[in-house]
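> This one is coords15.cif, mmCIF, C-alpha atoms.
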data_my_file
#
loop_
_atom_site.label_atom_id
_atom_site.label_comp_id
_atom_site.auth_asym_id
_atom_site.auth_seq_id
_atom_site.Cartn_x
_atom_site.Cartn_y
_atom_site.Cartn_z
CA MET H 1 -2.13 -16.50 -15.48
CA VAL H 2 -0.07 -13.60 -16.81
CA ALA H 3 3.68 -13.59 -17.48
CA ILE H 4 5.85 -10.47 -17.75
CA GLY H 5 9.23 -10.79 -19.42
CA PHE H 6 12.11 -8.77 -18.02
CA ALA H 7 15.12 -7.38 -19.87
CA ALA H 8 18.25 -6.79 -17.78
CA GLN H 9 17.58 -3.05 -17.44
CA GLY H 10 13.96 -3.73 -16.51
CA VAL H 11 15.08 -5.91 -13.61
CA ALA H 12 17.46 -3.20 -12.44
CA ARG H 13 14.61 -0.67 -12.31
CA VAL H 14 12.15 -2.62 -10.16
CA ARG H 15 11.21 -0.38 -7.23
CA LEU H 16 8.89 -0.28 -4.22
CA SER H 17 6.59 2.64 -3.56
CA VAL H 18 3.71 3.59 -1.29
CA SER H 19 0.67 5.10 -3.02
CA CYS H 20 -2.25 7.07 -1.60
CA LEU H 21 -4.37 6.46 -4.69
CA TRP H 22 -3.87 2.71 -4.50
CA GLU H 23 -5.20 2.82 -0.93
CA VAL H 24 -8.18 4.84 -2.11
CA VAL H 25 -8.99 2.35 -4.87
CA ALA H 26 -8.35 -0.76 -2.78
CA SER H 27 -10.36 0.53 0.19
CA LEU H 28 -13.29 1.24 -2.12
CA ARG H 29 -13.11 -2.40 -3.25
CA VAL H 30 -13.46 -3.39 0.41
CA LEU H 31 -16.48 -1.11 0.78
CA ARG H 32 -17.92 -2.78 -2.31
CA GLY H 33 -17.96 -6.08 -0.44
CA GLY H 34 -14.50 -7.53 -1.01
CA GLU H 35 -12.89 -10.30 1.00
CA GLY H 36 -11.17 -7.75 3.20
CA ARG H 37 -14.41 -6.86 4.98
CA VAL H 38 -13.67 -9.18 7.89
CA LEU H 39 -10.09 -7.96 8.21
CA HIS H 40 -11.09 -4.29 8.12
CA ALA H 41 -14.28 -4.56 10.18
CA PRO H 42 -13.31 -1.75 12.63
CA TRP H 43 -12.67 0.60 9.71
CA LEU H 44 -15.85 -0.42 7.90
CA ALA H 45 -17.96 0.20 10.98
CA ARG H 46 -17.18 3.93 10.83
CA THR H 47 -16.76 4.47 7.07
CA ALA H 48 -19.50 5.30 4.58
CA PRO H 49 -19.00 4.85 0.83
CA PRO H 50 -19.01 7.82 -1.55
CA PRO H 51 -22.37 8.89 -3.02
CA PRO H 52 -23.61 6.44 -5.68
CA ASP H 53 -23.67 9.19 -8.33
CA SER H 54 -20.01 10.10 -7.72
CA LEU H 55 -17.45 9.31 -10.40
CA LEU H 56 -15.17 7.74 -7.80
CA TRP H 57 -17.76 5.17 -6.70
CA GLN H 58 -18.74 4.32 -10.28
CA LEU H 59 -15.14 3.95 -11.50
CA VAL H 60 -14.24 1.35 -8.86
CA PRO H 61 -16.49 -1.65 -9.44
CA ALA H 62 -16.61 -4.73 -7.24
CA ALA H 63 -13.97 -7.39 -7.74
CA PRO H 64 -12.98 -8.89 -10.10
CA HIS H 65 -14.07 -6.23 -12.60
CA TYR H 66 -11.49 -3.98 -14.25
CA ILE H 67 -10.56 -0.69 -12.61
CA PRO H 68 -9.50 1.95 -15.17
CA ASP H 69 -5.72 2.19 -14.96
CA PHE H 70 -5.67 5.99 -15.06
CA LEU H 71 -6.94 5.95 -11.44
CA THR H 72 -3.53 4.69 -10.27
CA PRO H 73 -0.73 6.56 -12.07
CA PRO H 74 2.77 5.26 -11.21
CA PRO H 75 3.52 6.61 -7.72
CA GLN H 76 6.66 8.65 -7.12
CA THR H 77 5.99 9.72 -3.55
CA PRO H 78 3.18 8.89 -1.09
CA ASP H 79 1.68 12.37 -1.30
CA LEU H 80 -1.99 12.68 -2.18
CA ALA H 81 -1.65 16.13 -3.77
CA ALA H 82 1.18 14.97 -6.05
CA GLU H 83 -0.70 11.84 -7.08
CA LEU H 84 -3.85 13.83 -7.80
CA ALA H 85 -1.81 16.19 -9.98
CA ALA H 86 -0.64 13.15 -11.98
CA LEU H 87 -4.24 11.93 -12.20
CA ARG H 88 -5.48 15.29 -13.52
CA ALA H 89 -2.68 15.28 -16.11
CA THR H 90 -3.81 11.98 -17.66
CA PRO H 91 -4.00 12.41 -21.48
CA VAL H 92 -7.50 12.60 -22.92
CA ALA H 93 -6.95 9.61 -25.18
CA VAL H 94 -5.82 7.46 -22.23
CA VAL H 95 -8.92 8.28 -20.18
CA ARG H 96 -11.21 7.38 -23.06
CA GLU H 97 -9.30 4.21 -23.87
CA HIS H 98 -9.48 2.94 -20.30
CA LEU H 99 -13.16 3.82 -20.00
CA ASP H 100 -13.89 1.91 -23.21
CA LEU H 101 -12.02 -1.11 -21.83
CA SER H 102 -13.75 -1.03 -18.47
CA GLY H 103 -17.28 -1.99 -19.43
CA ILE H 104 -18.55 0.39 -16.72
CA PRO H 105 -22.20 1.34 -17.37
CA ALA H 106 -22.48 4.62 -19.27
CA SER H 107 -24.19 6.69 -16.59
CA PRO H 108 -24.54 10.45 -17.15
CA GLU H 109 -21.43 11.00 -15.00
CA ILE H 110 -19.33 8.47 -16.96
CA GLN H 111 -20.55 9.89 -20.27
CA ALA H 112 -19.55 13.37 -19.15
CA LEU H 113 -16.08 12.11 -18.18
CA HIS H 114 -15.69 10.46 -21.59
CA ARG H 115 -16.87 13.58 -23.38
CA ASP H 116 -14.71 16.04 -21.41
CA PRO H 117 -11.91 14.16 -19.57
CA ALA H 118 -10.22 17.32 -18.26
CA ALA H 119 -13.34 18.53 -16.47
CA GLY H 120 -14.19 15.01 -15.34
CA LEU H 121 -10.73 14.42 -13.87
CA ALA H 122 -10.94 17.72 -11.98
CA ARG H 123 -14.25 16.56 -10.48
CA LEU H 124 -12.79 13.14 -9.73
CA ALA H 125 -9.83 14.69 -7.91
CA GLU H 126 -12.24 16.67 -5.71
CA GLU H 127 -14.15 13.49 -4.91
CA VAL H 128 -10.96 11.63 -4.02
CA THR H 129 -9.96 14.49 -1.72
CA ALA H 130 -13.33 14.38 0.04
CA TYR H 131 -13.24 10.59 0.38
CA TRP H 132 -9.68 10.71 1.72
CA ALA H 133 -10.66 13.25 4.39
CA HIS H 134 -13.65 11.16 5.44
CA ALA H 135 -12.32 7.61 5.17
CA LEU H 136 -8.52 7.52 5.33
CA ALA H 137 -6.90 10.72 6.62
CA ALA H 138 -7.30 9.96 10.32
CA ASP H 139 -5.90 6.44 9.89
CA TRP H 140 -3.17 7.35 7.41
CA PRO H 141 -0.35 7.55 10.00
CA ARG H 142 -0.90 3.92 11.08
CA ILE H 143 -1.48 2.76 7.48
CA ARG H 144 1.61 4.64 6.30
CA ALA H 145 3.70 3.09 9.08
CA LEU H 146 2.60 -0.40 7.99
CA LEU H 147 3.44 0.33 4.35
CA ASP H 148 6.78 1.97 5.19
CA ARG H 149 7.72 -1.11 7.19
CA GLU H 150 6.93 -3.28 4.17
CA VAL H 151 9.04 -1.08 1.89
CA PHE H 152 11.90 -1.24 4.39
CA ARG H 153 11.57 -5.03 4.61
CA GLY H 154 11.53 -5.36 0.82
CA ALA H 155 14.50 -3.05 0.34
CA ARG H 156 16.49 -4.99 2.93
CA LEU H 157 15.61 -8.29 1.23
CA LEU H 158 16.63 -6.87 -2.14
CA ALA H 159 19.95 -5.64 -0.77
CA GLU H 160 20.75 -8.89 1.05
CA GLN H 161 19.42 -11.55 -1.35
CA GLY H 162 18.68 -9.89 -4.70
CA ILE H 163 15.72 -9.29 -6.97
CA GLY H 164 14.69 -12.95 -7.17
CA ALA H 165 14.24 -13.22 -3.43
CA LEU H 166 12.20 -10.02 -3.36
CA LEU H 167 9.86 -11.00 -6.20
CA ASN H 168 9.32 -14.54 -4.91
CA ASP H 169 8.49 -13.21 -1.46
CA LEU H 170 5.69 -10.85 -2.53
CA HIS H 171 2.73 -13.24 -2.58
CA GLU H 172 1.99 -16.93 -3.09
CA SER H 173 0.47 -16.19 -6.52
CA VAL H 174 3.59 -14.36 -7.76
CA ARG H 175 6.63 -16.25 -9.03
CA TRP H 176 9.91 -15.17 -10.63
CA ASP H 177 11.93 -17.69 -12.70
CA GLY H 178 14.89 -15.51 -13.61
CA SER H 179 13.45 -14.06 -16.82
CA ALA H 180 9.71 -13.68 -16.30
CA LEU H 181 7.34 -12.81 -13.48
CA THR H 182 4.17 -14.90 -13.46
CA VAL H 183 1.02 -13.92 -11.60
CA ALA H 184 -1.77 -16.45 -11.04
CA ASN H 185 -4.52 -13.93 -11.64
CA SER H 186 -6.51 -13.99 -14.85
CA HIS H 187 -7.53 -10.36 -14.35
CA CYS H 188 -3.99 -8.99 -14.32
CA ARG H 189 -2.39 -7.69 -17.47
CA ALA H 190 0.86 -5.88 -18.19
CA PRO H 191 3.48 -5.47 -20.90
CA ASN H 192 7.00 -6.80 -20.77
CA VAL H 193 9.47 -4.69 -18.80
CA SER H 194 12.39 -3.79 -21.03
CA ASP H 195 14.42 -0.59 -20.72
CA GLY H 196 11.58 1.61 -19.49
CA PRO H 197 10.82 2.78 -15.94
CA GLY H 198 10.55 -0.78 -14.61
CA LEU H 199 7.97 -2.54 -12.47
CA VAL H 200 6.55 -0.68 -9.47
CA LEU H 201 5.77 -2.87 -6.45
CA VAL H 202 3.05 -1.26 -4.33
CA PRO H 203 2.40 -2.70 -0.86
CA SER H 204 -1.15 -2.03 0.30
CA ALA H 205 -3.17 -2.27 3.49
CA PHE H 206 -6.44 -2.90 1.66
CA VAL H 207 -5.27 -5.31 -1.06
CA TRP H 208 -5.95 -8.61 0.65
CA PRO H 209 -5.87 -11.60 0.41
CA SER H 210 -4.71 -11.64 -3.21
CA VAL H 211 -2.80 -9.45 -5.61
CA LEU H 212 -5.20 -6.76 -6.78
CA SER H 213 -3.85 -5.83 -10.18
CA ILE H 214 -1.01 -5.33 -12.55
CA SER H 215 -1.78 -2.18 -14.51
CA ALA H 216 -0.40 -1.37 -17.91
CA GLY H 217 0.51 2.10 -19.08
CA GLU H 218 3.48 4.27 -18.28
CA ALA H 219 4.84 1.60 -15.92
CA PRO H 220 3.33 -1.74 -14.87
CA GLN H 221 2.39 -1.90 -11.20
CA LEU H 222 1.80 -4.80 -8.86
CA ALA H 223 -0.20 -4.07 -5.72
CA TYR H 224 0.11 -6.74 -3.04
CA PRO H 225 -0.84 -7.19 0.65
CA ALA H 226 1.59 -5.69 3.15
CA ARG H 227 2.80 -7.93 5.97
CA GLY H 228 1.18 -7.36 9.32
CA VAL H 229 -2.10 -6.04 7.93
CA ALA H 230 -4.05 -8.42 10.20
CA ALA H 231 -2.92 -6.33 13.18
CA LEU H 232 -3.50 -2.96 11.50
CA TRP H 233 -6.48 -1.95 13.62
CA GLU H 234 -5.09 -3.18 16.93
CA THR H 235 -3.77 -0.55 19.31
CA PRO H 236 -0.13 -0.57 20.46
CA ALA H 237 -1.37 -0.66 24.06
CA ASP H 238 -3.20 -3.96 23.46
CA THR H 239 -0.13 -5.57 21.94
CA ALA H 240 2.25 -4.15 24.52
CA GLU H 241 0.16 -5.50 27.37
CA THR H 242 0.23 -9.01 25.87
CA LEU H 243 3.99 -9.01 25.28
CA GLY H 244 4.81 -7.15 28.46
CA ALA H 245 4.71 -10.30 30.57
CA VAL H 246 7.55 -11.75 28.46
CA LEU H 247 9.69 -8.78 27.47
CA GLY H 248 8.80 -6.22 30.09
CA ARG H 249 6.23 -3.51 29.49
CA SER H 250 8.65 -0.81 28.30
CA ARG H 251 10.46 -3.00 25.77
CA ALA H 252 7.19 -4.43 24.48
CA ARG H 253 5.86 -0.89 24.00
CA LEU H 254 8.99 0.12 22.07
CA LEU H 255 8.69 -2.89 19.77
CA THR H 256 5.07 -2.13 18.96
CA GLU H 257 5.90 1.52 18.25
CA MET H 258 8.61 0.59 15.74
CA SER H 259 6.18 -0.12 12.90
CA ALA H 260 8.69 1.69 10.67
CA PRO H 261 12.37 2.64 11.20
CA THR H 262 12.30 5.18 14.02
CA SER H 263 14.79 7.36 15.86
CA THR H 264 15.45 7.22 19.60
CA THR H 265 14.13 10.77 19.97
CA GLU H 266 10.86 9.90 18.25
CA LEU H 267 10.42 6.75 20.36
CA ALA H 268 10.99 8.80 23.49
CA ARG H 269 8.37 11.32 22.35
CA ARG H 270 5.80 8.63 21.62
CA THR H 271 6.29 6.63 24.80
CA GLY H 272 7.08 9.36 27.33
CA MET H 273 10.34 7.62 28.30
CA SER H 274 13.61 9.51 28.49
CA ALA H 275 15.97 9.19 25.54
CA GLY H 276 18.48 7.48 27.82
CA ALA H 277 15.94 4.87 28.92
CA VAL H 278 14.93 4.24 25.32
CA SER H 279 18.59 3.74 24.35
CA GLN H 280 19.10 1.22 27.16
CA HIS H 281 16.04 -0.78 26.16
CA LEU H 282 17.05 -0.69 22.50
CA ASN H 283 20.48 -2.04 23.40
CA ALA H 284 18.83 -4.95 25.18
CA LEU H 285 16.49 -5.60 22.26
CA ARG H 286 19.41 -5.49 19.82
CA GLY H 287 21.27 -7.98 21.97
CA ALA H 288 18.27 -10.30 21.79
CA GLY H 289 18.11 -10.00 17.99
CA LEU H 290 14.78 -8.16 18.03
CA VAL H 291 15.98 -4.77 16.80
CA ALA H 292 18.46 -3.68 14.15
CA SER H 293 19.80 -0.14 13.83
CA HIS H 294 21.34 1.69 10.90
CA ARG H 295 22.66 5.19 10.29
CA ALA H 296 20.51 7.56 8.23
CA GLY H 297 22.34 10.82 7.62
CA LYS H 298 23.42 12.19 10.99
CA GLY H 299 20.95 10.07 12.92
CA VAL H 300 20.33 6.41 13.71
CA LEU H 301 17.08 4.60 12.99
CA SER H 302 16.00 1.40 14.72
CA ALA H 303 13.65 -1.18 13.23
CA ARG H 304 12.19 -4.53 14.20
CA THR H 305 13.93 -7.62 12.87
CA ALA H 306 12.24 -10.63 11.28
CA LEU H 307 12.43 -12.34 14.67
CA ALA H 308 10.52 -9.47 16.28
CA GLU H 309 7.92 -9.54 13.50
CA ALA H 310 7.41 -13.25 14.09
CA LEU H 311 7.06 -12.63 17.83
CA LEU H 312 4.46 -9.92 17.25
CA ALA H 313 2.58 -12.02 14.72
CA GLY H 314 2.43 -15.00 17.07
CA ARG H 315 1.77 -13.15 20.28
#
As C-alpha cells, please, write out the structure in this file.


Amino acid sequence: MVAIGFAAQGVARVRLSVSCLWEVVASLRVLRGGEGRVLHAPWLARTAPPPPDSLLWQLVPAAPHYIPDFLTPPPQTPDLAAELAALRATPVAVVREHLDLSGIPASPEIQALHRDPAAGLARLAEEVTAYWAHALAADWPRIRALLDREVFRGARLLAEQGIGALLNDLHESVRWDGSALTVANSHCRAPNVSDGPGLVLVPSAFVWPSVLSISAGEAPQLAYPARGVAALWETPADTAETLGAVLGRSRARLLTEMSAPTSTTELARRTGMSAGAVSQHLNALRGAGLVASHRAGKGVLSARTALAEALLAGR
C-alpha cells in the first residue's frame, strides 16, 4: 500500500493524458505473459516480441518487477516523436539511478546503456520506433479512440463532481480521502504532490486488470485500465449488428462509431450516411439520453453518455 499526500496546489494540477510510451511498456508486459493475455488474444496472435537482445525487451521485465521510470517520461501530448524526444533527453544520472534500482541483469546491452546513456537512449528510441511500427501503429486509431473517450469521461466527471469523484472512480485499488491518494499495490511508489506539476493520470488499453505503476521523478504518474477495453478488439460492425435489432441499424452504427467525441461530418464520412441523416439520428439518440453534444470552437462534437456506455457494455 502506498499513500501520496496532496497539497492544495497539487490537487489543482492533477491532469489526464494519453501516452504512446505507456502503451509500449504496458503492451510489452502483456507479451511477457501478463494477465492481459486473454483480453488481448487477437492482438497477441499477430504480434511478435522484440528481439531478446534488444534494450527495449530487457528493460521491461515481467510483472511485478520494476520498470525503469525513465521509459515513461511525463506525457504532454500523445505523440510518439515528442515522447521519444523526452526519453532521449533523460539526464545521464537519472538513467543510471533507475538502472541501479531495477535489478535488471547486467547484460552487455544494459552495461553499455549504463556506461553511455546518451548512445543507449538513442538506440532505445530506434527500437521503440520499430516496435511501434510492428505492434501498435496499425491499431493506434482504435486504441487512441478508447483512451480519448476515457479522458473525456474523466474530464466530464471532474467538471461535474470534482477531483474526489475522479480519483475514487479510477480503479478499485485507488482511494482518495481528501488529503491523500492510497493505492493498494506494494510495487507502486511516488512522492507527495505539493506545488509541482501534479499527478498525471494515464488511461491505458494494456494496463489491466490492475494499476500498473506510480512512477516517481519529474511528476508522479498513475496508469490505470481504460473503460471499455474488453471490447477493444471487436469490430463496430459486430456491435452494430447486435444492437441494430433494438435501436435500428443506423443508430447502432453511429453509437459504436462514437468511441470519442466526434463531429457530424466525421460520422457521415465513416458511415457513408448523409450529414442530414446523421443529424436526424443524433437528435433521436439525444432524446433517448444516449448521446450528448457540446460546442468545440465553431463545431459541435457528439459523444456517448453513461447510459449508452452501459448499453454497449451489456449488449

> What does the structure give for the distance between CA of Ser250 in chain H and CA of His281 in chain H, in Å to one decimal?

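Separation of CA of Ser250 in chain H and CA of His281 in chain H: 7.7 Å.
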
> What box, with edges along x, y and z, holds each listed atom of range 301-306 of chain H when 8 Å is added on every side, and can you state its centre and edge lengths in Å to one decimal, as JSON?


{"center_x": 14.6, "center_y": -3.0, "center_z": 13.0, "size_x": 20.9, "size_y": 31.2, "size_z": 19.4}

> Show me, as a PyMOL selection string, the residues that have an atom within 8 Å of range 268-272 of chain H when counting only C-alpha atoms, minus same-chain residues fewer than 4 positions from it.

chain H and resi 253-254+257+264+278

> Take the PyMOL selection byres ((chain H and resi 72) around 9), run it mentally on this structure, and tell me the resulting residues as a JSON list (two decimals) with C-alpha atoms, in the frame of the given file.


[["chain", "number", "residue", "atom", "x", "y", "z"],
["H", 19, "SER", "CA", 0.67, 5.10, -3.02],
["H", 21, "LEU", "CA", -4.37, 6.46, -4.69],
["H", 22, "TRP", "CA", -3.87, 2.71, -4.50],
["H", 25, "VAL", "CA", -8.99, 2.35, -4.87],
["H", 68, "PRO", "CA", -9.50, 1.95, -15.17],
["H", 69, "ASP", "CA", -5.72, 2.19, -14.96],
["H", 70, "PHE", "CA", -5.67, 5.99, -15.06],
["H", 71, "LEU", "CA", -6.94, 5.95, -11.44],
["H", 73, "PRO", "CA", -0.73, 6.56, -12.07],
["H", 74, "PRO", "CA", 2.77, 5.26, -11.21],
["H", 75, "PRO", "CA", 3.52, 6.61, -7.72],
["H", 83, "GLU", "CA", -0.70, 11.84, -7.08],
["H", 87, "LEU", "CA", -4.24, 11.93, -12.20],
["H", 215, "SER", "CA", -1.78, -2.18, -14.51],
["H", 221, "GLN", "CA", 2.39, -1.90, -11.20]]

> Smallest atom-to-atom distance to Leu56 in chain H: which of H:Pro209, H:Gly103, H:Pro42, H:Gly120, using all atoms listed in the file?

H:Gly120

> Once the PyMOL selection byres ((chain H and resi 62) around 8) has been applied to the shown file, what residues remain in the selection, as an MDAnalysis selection string?

chainID H and resid 29 32:34 60:61 63:65

> Looking at only C-alpha atoms, which of H:Asp116, H:Asp79, H:Glu309, H:Asp139 is the one that sits closest to Arg46 in chain H?

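Closest to Arg46 in chain H, using only C-alpha atoms: H:Asp139.
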
> Taking only C-alpha atoms into account, which of H:Leu158, H:Val95, H:Cys20, H:Leu199 comes nearest Trp132 in chain H?

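Nearest candidate to Trp132 in chain H out of H:Leu158, H:Val95, H:Cys20, H:Leu199: H:Cys20.
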
> I'd like the neighbourhood of Asp148 in chain H as a ChimeraX atom specification, where a residue qualifies if any of its atoms comes within 12 Å (using all atoms listed in the file), though same-chain residues fewer than 2 positions away should be ignored.

/H:16-19,77-78,140-146,150-155,202-205,226-228,258-262,303

> Which neighbours of His134 in chain H fall inside 9 Å, counting all atoms listed in the file, when residues of the same chain fewer than 5 positions from it are skipped, and could you give them as a VMD selection string?

chain H and resid 47 to 48 129

> Neighbouring residues of Gly162 in chain H were defined as those with any atom within 12 Å, considering only C-alpha atoms; residues of the same chain fewer than 4 positions away were excluded. Please report them as a PDB file with C-alpha atoms, keeping the file's coordinate frame.


ATOM      1  CA  VAL H  11      15.080  -5.910 -13.610  1.00  0.00           C
ATOM      2  CA  ALA H  12      17.460  -3.200 -12.440  1.00  0.00           C
ATOM      3  CA  VAL H  14      12.150  -2.620 -10.160  1.00  0.00           C
ATOM      4  CA  GLY H 154      11.530  -5.360   0.820  1.00  0.00           C
ATOM      5  CA  ALA H 155      14.500  -3.050   0.340  1.00  0.00           C
ATOM      6  CA  ARG H 156      16.490  -4.990   2.930  1.00  0.00           C
ATOM      7  CA  LEU H 157      15.610  -8.290   1.230  1.00  0.00           C
ATOM      8  CA  LEU H 158      16.630  -6.870  -2.140  1.00  0.00           C
ATOM      9  CA  LEU H 166      12.200 -10.020  -3.360  1.00  0.00           C
ATOM     10  CA  LEU H 167       9.860 -11.000  -6.200  1.00  0.00           C
ATOM     11  CA  ASN H 168       9.320 -14.540  -4.910  1.00  0.00           C
ATOM     12  CA  ASP H 169       8.490 -13.210  -1.460  1.00  0.00           C
ATOM     13  CA  TRP H 176       9.910 -15.170 -10.630  1.00  0.00           C
ATOM     14  CA  GLY H 178      14.890 -15.510 -13.610  1.00  0.00           C
TER      15      GLY H 178
END

> Residues within 9 Å of Leu59 in chain H, please, as a PyMOL selection string. Count all atoms listed in the file; anything in the same chain fewer than 6 positions from it doesn't count.

chain H and resi 67-68+71+99+102+104+110

> Given the PyMOL selection byres ((chain H and resi 173) around 7) and the file above, list the residues it selects as number ranges by chain.

H: 171-172, 174-175, 183-184

> What does the distance from CA of Gln280 in chain H to CA of Ala310 in chain H come to in Å, to one decimal?

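Computing the Euclidean distance for CA of Gln280 in chain H and CA of Ala310 in chain H yields 22.7 Å.
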
> Looking at H:Leu113, H:Ala230, H:Leu80, H:Ser179, which one is nearest to Val38 in chain H, with distances taken over all atoms listed in the file?

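When distances to Val38 in chain H are compared using all atoms listed in the file, the smallest one comes from H:Ala230.
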